[in-house]
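Printed here is coords_5.txt (compact mmCIF, C-alpha atoms):
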# COMPACT_ATOMS: atom_id res chain seq x y z
CA MET A 1 0.00 0.00 0.00
CA SER A 2 1.43 3.39 -0.98
CA ALA A 3 1.61 6.37 1.34
CA THR A 4 -1.08 8.34 -0.41
CA ASN A 5 -3.65 8.13 -3.16
CA SER A 6 -3.60 11.88 -3.81
CA PRO A 7 -2.41 12.88 -7.29
CA GLN A 8 0.76 14.90 -7.52
CA TRP A 9 -0.97 17.99 -8.90
CA ARG A 10 -3.32 18.14 -5.92
CA LEU A 11 -0.47 17.82 -3.43
CA ARG A 12 1.43 20.54 -5.26
CA LEU A 13 -1.53 22.91 -4.98
CA LYS A 14 -1.52 22.36 -1.23
CA VAL A 15 2.24 22.86 -0.89
CA LEU A 16 2.68 25.99 -3.02
CA PRO A 17 1.03 28.49 -0.62
CA ILE A 18 2.94 26.96 2.31
CA ARG A 19 6.18 27.42 0.39
CA PHE A 20 5.31 31.05 -0.28
CA PHE A 21 4.75 31.90 3.37
CA THR A 22 7.74 29.80 4.51
CA ASN A 23 10.04 31.62 2.10
CA LEU A 24 8.59 34.93 3.27
CA GLY A 25 9.26 33.95 6.87
CA PHE A 26 12.89 33.10 6.17
CA LEU A 27 13.27 36.36 4.25
CA ILE A 28 12.02 38.33 7.25
CA GLU A 29 14.15 36.29 9.64
CA ARG A 30 17.29 37.32 7.76
CA PHE A 31 16.79 40.85 9.13
CA ALA A 32 17.41 39.61 12.68
CA LYS A 33 20.75 40.89 13.95
CA PRO A 34 23.44 39.87 13.41
CA ARG A 35 22.48 39.19 9.80
CA PRO A 36 23.24 35.72 8.40
CA PRO A 37 26.00 35.53 5.78
CA LYS A 38 25.52 35.12 2.07
CA PRO A 39 27.20 32.19 0.32
CA SER A 40 30.77 33.03 -0.65
CA LYS A 41 30.34 30.99 -3.80
CA ILE A 42 27.56 29.27 -5.74
CA ILE A 43 28.44 26.17 -7.76
CA ARG A 44 26.21 24.54 -10.35
CA ILE A 45 26.98 20.97 -11.27
CA PRO A 46 25.25 18.71 -13.81
CA ARG A 47 22.81 16.24 -12.33
CA SER A 48 23.68 13.11 -14.26
CA ILE A 49 24.62 10.07 -12.20
CA LEU A 50 21.40 8.86 -10.65
CA ASP A 51 18.49 10.54 -12.45
CA ASP A 52 17.22 7.21 -13.73
CA GLU A 53 17.43 5.44 -10.40
CA SER A 54 14.40 3.68 -9.02
CA VAL A 55 13.27 2.41 -5.64
CA ASN A 56 14.17 -1.28 -5.60
CA GLY A 57 13.91 -1.21 -9.39
CA LYS A 58 10.16 -0.63 -9.21
CA ARG A 59 9.86 2.98 -10.23
CA LYS A 60 11.55 4.85 -13.07
CA ARG A 61 11.45 8.55 -13.83
CA LYS A 62 12.46 10.44 -16.90
CA ALA A 63 16.01 11.75 -16.69
CA LYS A 64 16.39 15.51 -16.48
CA ASN A 65 19.41 17.52 -17.48
CA GLU A 66 18.98 19.90 -14.56
CA GLU A 67 21.73 21.51 -12.55
CA LEU A 68 22.33 20.83 -8.89
CA VAL A 69 23.12 24.01 -6.96
CA LEU A 70 25.64 24.01 -4.12
CA GLN A 71 25.89 27.00 -1.78
CA VAL A 72 29.46 27.32 -0.45
CA TYR A 73 30.45 29.10 2.76
CA HIS A 74 34.15 29.62 3.47
CA PRO A 75 35.65 30.63 6.83
CA THR A 76 35.58 34.43 7.15
CA ASN A 77 34.04 34.42 3.65
CA GLY A 78 37.46 33.78 2.16
CA ASP A 79 38.02 32.13 -1.19
CA GLN A 80 38.88 28.43 -1.24
CA ARG A 81 42.14 29.24 -3.04
CA ASN A 82 43.50 30.56 0.26
CA SER A 83 43.38 27.05 1.73
CA LEU A 84 44.78 25.02 -1.16
CA SER A 85 48.11 24.56 0.64
CA GLN A 86 46.29 23.24 3.72
CA PRO A 87 42.91 21.80 2.75
CA LYS A 88 40.15 22.40 5.27
CA PRO A 89 37.52 19.98 6.54
CA VAL A 90 34.22 20.13 4.69
CA VAL A 91 30.67 19.91 6.03
CA VAL A 92 28.00 18.85 3.54
CA ASN A 93 24.70 20.28 4.75
CA PHE A 94 21.09 19.45 3.86
CA HIS A 95 18.40 21.89 4.95
CA GLY A 96 15.24 20.78 6.73
CA SER A 97 11.49 21.31 6.19
CA GLY A 98 10.42 17.80 5.34
CA PHE A 99 11.75 17.68 1.78
CA ILE A 100 8.84 19.83 0.59
CA LEU A 101 9.91 23.35 1.64
CA GLY A 102 12.95 25.54 1.98
CA HIS A 103 16.28 26.33 0.35
CA ALA A 104 19.95 25.67 1.01
CA THR A 105 20.37 29.24 2.30
CA ASP A 106 17.87 28.64 5.12
CA ASP A 107 20.75 27.25 7.18
CA ALA A 108 23.00 30.30 6.68
CA ARG A 109 23.32 30.94 10.43
CA TRP A 110 24.27 27.33 11.09
CA ALA A 111 26.79 27.55 8.23
CA ARG A 112 28.25 30.72 9.75
CA SER A 113 28.67 28.93 13.07
CA ILE A 114 30.59 26.12 11.39
CA THR A 115 32.91 28.43 9.45
CA GLU A 116 33.55 30.50 12.58
CA TYR A 117 33.86 27.86 15.30
CA VAL A 118 35.12 24.88 13.30
CA ASP A 119 37.18 26.58 10.59
CA ALA A 120 35.63 24.31 7.97
CA VAL A 121 34.09 24.84 4.54
CA VAL A 122 30.32 24.36 4.38
CA ILE A 123 28.59 23.19 1.21
CA SER A 124 24.81 23.34 1.45
CA VAL A 125 22.85 21.34 -1.10
CA GLU A 126 19.80 22.71 -2.94
CA TYR A 127 18.14 19.33 -3.40
CA ARG A 128 14.90 18.73 -5.29
CA LEU A 129 11.66 19.02 -3.35
CA ALA A 130 8.55 16.84 -3.19
CA PRO A 131 5.87 16.32 -4.38
CA GLU A 132 7.34 17.30 -7.76
CA ASN A 133 10.32 15.07 -6.95
CA PRO A 134 9.44 12.53 -4.24
CA PHE A 135 11.79 10.04 -2.65
CA PRO A 136 14.43 9.08 -3.66
CA ALA A 137 15.14 12.32 -5.61
CA ALA A 138 16.55 14.21 -2.61
CA VAL A 139 18.73 11.21 -1.71
CA GLU A 140 20.04 11.07 -5.27
CA ASP A 141 20.92 14.76 -5.12
CA GLY A 142 22.82 14.13 -1.90
CA VAL A 143 24.76 11.38 -3.61
CA GLU A 144 25.50 13.64 -6.59
CA ALA A 145 26.78 16.40 -4.30
CA VAL A 146 29.03 14.18 -2.17
CA LEU A 147 30.56 12.38 -5.13
CA TRP A 148 31.23 15.69 -6.89
CA ILE A 149 32.83 17.22 -3.78
CA ILE A 150 35.09 14.19 -3.30
CA SER A 151 36.22 14.18 -6.93
CA HIS A 152 36.80 17.98 -6.88
CA ALA A 153 38.30 18.21 -3.38
CA GLU A 154 41.61 19.64 -4.54
CA GLU A 155 40.10 22.53 -6.47
CA LEU A 156 37.67 23.21 -3.63
CA GLY A 157 40.52 23.28 -1.11
CA VAL A 158 38.89 20.66 1.13
CA ASP A 159 40.15 17.46 2.70
CA PRO A 160 38.21 14.38 1.49
CA HIS A 161 39.39 12.50 4.59
CA ARG A 162 37.62 14.99 6.88
CA ILE A 163 34.01 15.10 5.70
CA ALA A 164 31.06 15.73 8.00
CA MET A 165 27.37 15.44 7.21
CA SER A 166 24.91 17.92 8.65
CA GLY A 167 21.20 18.39 8.36
CA LEU A 168 18.27 20.00 10.09
CA THR A 169 14.83 18.43 10.69
CA PHE A 170 13.96 15.88 8.01
CA GLY A 171 17.25 16.44 6.22
CA VAL A 172 18.85 14.07 8.74
CA PRO A 173 17.49 10.72 7.45
CA MET A 174 18.26 11.81 3.92
CA ARG A 175 21.80 12.65 4.96
CA LEU A 176 22.24 9.26 6.62
CA GLY A 177 20.70 7.49 3.67
CA GLU A 178 22.78 9.31 1.09
CA GLU A 179 25.92 8.43 3.04
CA MET A 180 25.09 4.77 2.62
CA ARG A 181 24.21 5.16 -1.03
CA SER A 182 27.29 7.22 -1.83
CA ARG A 183 29.45 4.49 -0.34
CA ARG A 184 27.59 1.89 -2.40
CA GLN A 185 28.24 4.02 -5.46
CA LEU A 186 31.96 4.17 -4.69
CA SER A 187 32.10 0.47 -3.85
CA ALA A 188 30.98 -0.33 -7.39
CA ILE A 189 34.58 0.38 -8.35
CA ASN A 190 35.61 -2.74 -6.42
CA ASN A 191 32.64 -4.74 -7.74
CA ASP A 192 31.16 -4.95 -4.24
CA TRP A 193 27.88 -3.43 -5.44
CA LYS A 194 27.16 -3.92 -9.12
CA GLU A 195 23.58 -2.69 -9.31
CA ILE A 196 24.40 1.05 -9.16
CA PRO A 197 26.44 2.27 -12.13
CA GLY A 198 28.44 5.46 -12.19
CA PRO A 199 31.67 7.09 -13.30
CA TYR A 200 34.92 6.43 -11.50
CA VAL A 201 35.37 8.44 -8.30
CA ASP A 202 38.44 8.22 -6.06
CA PRO A 203 37.36 6.01 -3.14
CA GLU A 204 39.95 7.51 -0.79
CA TYR A 205 37.63 9.54 1.39
CA ARG A 206 36.25 9.41 4.93
CA ILE A 207 33.05 10.64 6.53
CA VAL A 208 34.05 11.21 10.16
CA PHE A 209 31.14 13.04 11.80
CA ILE A 210 27.38 13.55 11.66
CA ALA A 211 25.55 16.47 13.24
CA ALA A 212 21.89 15.42 13.44
CA TRP A 213 19.16 17.85 14.41
CA TYR A 214 15.82 16.39 15.59
CA PRO A 215 16.07 13.51 13.09
CA SER A 216 13.41 11.31 11.57
CA VAL A 217 14.93 7.85 11.16
CA ASN A 218 11.98 5.43 10.91
CA TYR A 219 9.37 6.03 8.23
CA CYS A 220 7.67 2.73 9.05
CA LEU A 221 6.11 4.49 12.04
CA SER A 222 2.81 6.18 11.28
CA ARG A 223 2.30 9.81 12.20
CA ALA A 224 -0.26 8.75 14.79
CA GLN A 225 2.34 6.50 16.44
CA ARG A 226 4.89 9.31 16.44
CA ARG A 227 2.48 11.88 17.85
CA ALA A 228 1.53 9.51 20.66
CA THR A 229 5.14 9.55 21.94
CA ASN A 230 5.23 13.29 22.54
CA VAL A 231 5.13 14.15 26.25
CA ARG A 232 3.21 17.32 25.32
CA GLN A 233 0.50 16.47 22.83
CA ASP A 234 -0.42 20.14 22.50
CA LYS A 235 3.09 20.84 21.16
CA ASN A 236 2.92 18.49 18.19
CA LEU A 237 3.12 19.96 14.72
CA PRO A 238 -0.34 20.16 13.10
CA ALA A 239 -1.44 16.73 11.91
CA TRP A 240 -2.59 18.12 8.55
CA PHE A 241 0.93 19.42 7.93
CA THR A 242 2.90 16.32 8.94
CA ASN A 243 0.50 14.15 6.93
CA LEU A 244 1.04 16.42 3.93
CA VAL A 245 4.81 16.13 4.34
CA ASP A 246 4.64 12.33 4.26
CA ASN A 247 2.14 12.23 1.41
CA CYS A 248 4.44 14.41 -0.70
CA PHE A 249 7.80 12.91 0.17
CA LEU A 250 6.60 9.29 0.06
CA LEU A 251 4.44 9.70 -3.02
CA GLY A 252 4.24 6.33 -4.77
CA ILE A 253 6.27 4.53 -2.09
CA GLU A 254 5.00 1.13 -1.01
CA GLN A 255 4.94 0.20 2.66
CA SER A 256 7.67 -2.39 2.14
CA ASP A 257 9.98 0.25 0.64
CA LYS A 258 9.82 2.35 3.80
CA LYS A 259 12.31 -0.09 5.34
CA LEU A 260 15.00 0.90 2.84
CA PRO A 261 18.09 1.91 4.85
CA TRP A 262 18.52 5.17 2.95
CA LEU A 263 14.95 6.11 3.93
CA SER A 264 14.76 4.61 7.43
CA PRO A 265 18.35 4.28 8.71
CA GLY A 266 16.97 3.43 12.14
CA LEU A 267 15.92 0.06 10.70
CA ALA A 268 19.10 -0.63 8.75
CA PRO A 269 20.89 -3.93 9.40
CA ALA A 270 23.56 -3.74 12.07
CA GLU A 271 26.31 -4.73 9.65
CA MET A 272 25.34 -1.87 7.35
CA LEU A 273 25.33 0.62 10.23
CA LYS A 274 28.77 -0.55 11.35
CA LYS A 275 30.10 -0.25 7.82
CA TYR A 276 28.58 3.08 6.83
CA ILE A 277 27.91 5.18 9.94
CA PRO A 278 30.89 7.04 11.50
CA HIS A 279 31.81 6.55 15.14
CA ASP A 280 31.23 10.19 16.08
CA ILE A 281 27.68 11.55 15.93
CA THR A 282 26.07 14.42 17.82
CA ILE A 283 22.27 14.45 18.01
CA ARG A 284 20.02 17.27 19.21
CA VAL A 285 16.34 16.55 19.89
CA CYS A 286 13.56 18.77 21.21
CA GLU A 287 11.78 17.86 24.45
CA TRP A 288 8.32 18.44 22.97
CA ASP A 289 8.78 16.74 19.62
CA GLU A 290 7.06 13.69 18.16
CA LEU A 291 10.41 12.63 16.66
CA ARG A 292 12.28 12.60 19.96
CA ALA A 293 11.48 8.99 20.90
CA GLU A 294 12.67 7.42 17.65
CA ALA A 295 15.88 9.47 17.74
CA GLU A 296 16.58 8.28 21.28
CA ARG A 297 15.91 4.67 20.27
CA PHE A 298 18.26 5.07 17.33
CA ARG A 299 20.97 6.40 19.59
CA GLU A 300 20.50 3.42 21.92
CA ARG A 301 20.86 1.05 18.99
CA LEU A 302 23.96 2.77 17.64
CA THR A 303 25.69 2.58 21.02
CA SER A 304 24.63 -1.02 21.66
CA GLU A 305 27.09 -3.90 21.53
CA GLU A 306 25.47 -4.94 18.26
CA VAL A 307 26.62 -1.78 16.44
CA GLY A 308 29.30 -0.43 18.77
CA ARG A 309 29.21 3.27 17.98
CA GLN A 310 30.25 4.62 21.39
CA GLY A 311 30.92 8.13 20.09
CA VAL A 312 27.22 8.93 19.69
CA GLY A 313 25.94 11.67 21.98
CA ILE A 314 22.43 13.06 22.34
CA LYS A 315 21.06 16.13 24.10
CA VAL A 316 17.44 17.09 24.70
CA ILE A 317 16.66 20.78 24.21
CA LYS A 318 14.38 21.54 27.15
CA LYS A 319 10.94 23.09 26.57
CA ALA A 320 11.56 23.18 22.81
CA THR A 321 9.33 22.11 19.94
CA HIS A 322 10.33 20.68 16.58
CA GLY A 323 12.38 23.17 14.57
CA TRP A 324 12.91 25.40 17.61
CA ASP A 325 15.88 27.13 16.02
CA LYS A 326 13.87 28.12 12.95
CA LEU A 327 10.85 29.66 14.68
CA PRO A 328 10.04 33.35 14.01
CA ASN A 329 11.68 35.80 16.41
CA PRO A 330 9.45 38.84 17.00
CA LYS A 331 12.39 40.77 18.49
CA PHE A 332 14.39 40.60 15.24
CA GLN A 333 17.39 39.57 17.32
CA TRP A 334 19.27 36.30 16.96
CA ASP A 335 18.58 34.03 19.94
CA LEU A 336 21.85 33.51 21.82
CA SER A 337 20.58 30.26 23.35
CA ILE A 338 20.41 28.81 19.84
CA GLU A 339 23.88 30.14 19.16
CA GLU A 340 25.14 28.30 22.23
CA GLU A 341 23.69 24.99 20.99
CA TYR A 342 25.29 25.56 17.60
CA ARG A 343 28.59 26.32 19.31
CA GLU A 344 28.45 23.10 21.37
CA VAL A 345 27.83 20.96 18.30
CA CYS A 346 30.61 22.79 16.47
CA ARG A 347 32.92 22.05 19.38
CA ASP A 348 32.24 18.33 18.97
CA MET A 349 32.78 18.60 15.23
CA ARG A 350 36.03 20.51 15.57
CA ASN A 351 37.35 17.99 18.08
CA VAL A 352 36.82 15.18 15.57
CA PHE A 353 38.27 17.15 12.65
CA TYR A 354 41.39 18.41 14.38
CA THR A 355 42.06 15.96 17.22
CA HIS A 356 41.00 12.51 16.04
CA ASN A 357 42.48 12.86 12.57
Whole structure, structure tokens version:
Amino acid sequence: MSATNSPQWRLRLKVLPIRFFTNLGFLIERFAKPRPPKPSKIIRIPRSILDDESVNGKRKRKAKNEELVLQVYHPTNGDQRNSLSQPKPVVVNFHGSGFILGHATDDARWARSITEYVDAVVISVEYRLAPENPFPAAVEDGVEAVLWIISHAEELGVDPHRIAMSGLTFGVPMRLGEEMRSRRQLSAINNDWKEIPGPYVDPEYRIVFIAAWYPSVNYCLSRAQRRATNVRQDKNLPAWFTNLVDNCFLLGIEQSDKKLPWLSPGLAPAEMLKKYIPHDITIRVCEWDELRAEAERFRERLTSEEVGRQGVGIKVIKKATHGWDKLPNPKFQWDLSIEEEYREVCRDMRNVFYTHN
């Protein structure tokens, strides 16, 4: 049974006005002081590797010769040429909003925190949105971006052995899933995985850290099941909205496909988690969030003897609702409590980049 019977055009009509007001909200939020930075560089790469991919070979879409846009943020807004002699770590970021809303620049303040506190390059991916492009389109775009960054690391001035993945809200499961799929893509070189074709990419890379913000890691759970776990039912996101998110993102997806590890990493086999997930992960969840329980269960599984990822930490943001760091601020002043959370996560990231490696 698929996630929804609604036609794509009807879902799009529902999403378009929400996108308009969301974009307007982010535009207004940019006036909060201090102002978020603009990308220091915008890169457009051809989308070519995985446009014809399907879910378990069941669904094909017409290939499109579209460009994939990458928003690049350099430390102190410098040019990457300044770091060619000493390549910097790179953080590949995927914005939130359930794969149906938003833009790569929505995370400009988070990107600024990384460039300032970590001294790393941030590359934020403008992936395709649902319902026009449902799963696995966003995952494919993540794969495209990571493979391109690895193969162009020298010209970007980044170190392919110090890659972190970052995402907000629903960007987290996509980020985890694309990590797995990118490694499968690279493993095709060694004939480990023959079902995913692609051009040669240097396999000498390493993803060393994940910064996960209020992640969704188990799409086999219904929204009703998720909402029931929230300790404050009155703080759940509106049911009509979360249902719309799932109907758009999972358009055409069968129930059995929801177990795919690049959609629901929380259900991935232990051997796959041990092979593909880095040892160091920092998770932030909100106290009053329907996604908190599954994130905590995922953390327990990662740190279990079965998987053995002891470097996974989790922190609950007290009295916070889902997307707390993206809520409108009527004072037009950046919330310093959010800045402190960003700084703490950056501290973990920097420790991995510059101490463990």
Fill in: A:Leu291, A:Met349, A:Leu251, A:Leu101 ranked by distance to Arg227 in chain A, top pick (using all atoms listed in the file)
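Closest residue, counting all atoms listed in the file: A:Leu291.
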Worksheet item: By how many Å are CA of Gln333 in chain A and CA of Arg109 in chain A apart?
Response: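 So the answer is 12.5 Å.
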Practice prompt. Between A:Ala32, A:Cys286, A:Leu221, A:Ile210, single out the one closest to Lys259 in chain A, counting all atoms listed in the file.
Written response: A:Leu221
Practice prompt. Work out how far apart CA of Phe94 in chain A and CA of Ser166 in chain A are and give it in Å to one decimal.
Written response: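 Interatomic distance, CA of Phe94 in chain A to CA of Ser166 in chain A: 6.3 Å.
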Worksheet entry | Point-to-point distance from CA of Phe249 in chain A to CA of Asn133 in chain A, Å rounded to tenths |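 It comes out at 7.9 Å.
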Discussion item. Residues near His322 in chain A, anyone? I mean within 10 Å using all atoms listed in the file, not counting same-chain ones fewer than 2 positions away, as a count of residues only.
Written reply: 21
Worksheet item: From the list A:Arg112, A:His103, A:Arg299, A:Arg206, which residue is nearest Pro34 in chain A when using only C-alpha atoms?
Response: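 That would be A:Arg112, the residue with the smallest distance to Pro34 in chain A.
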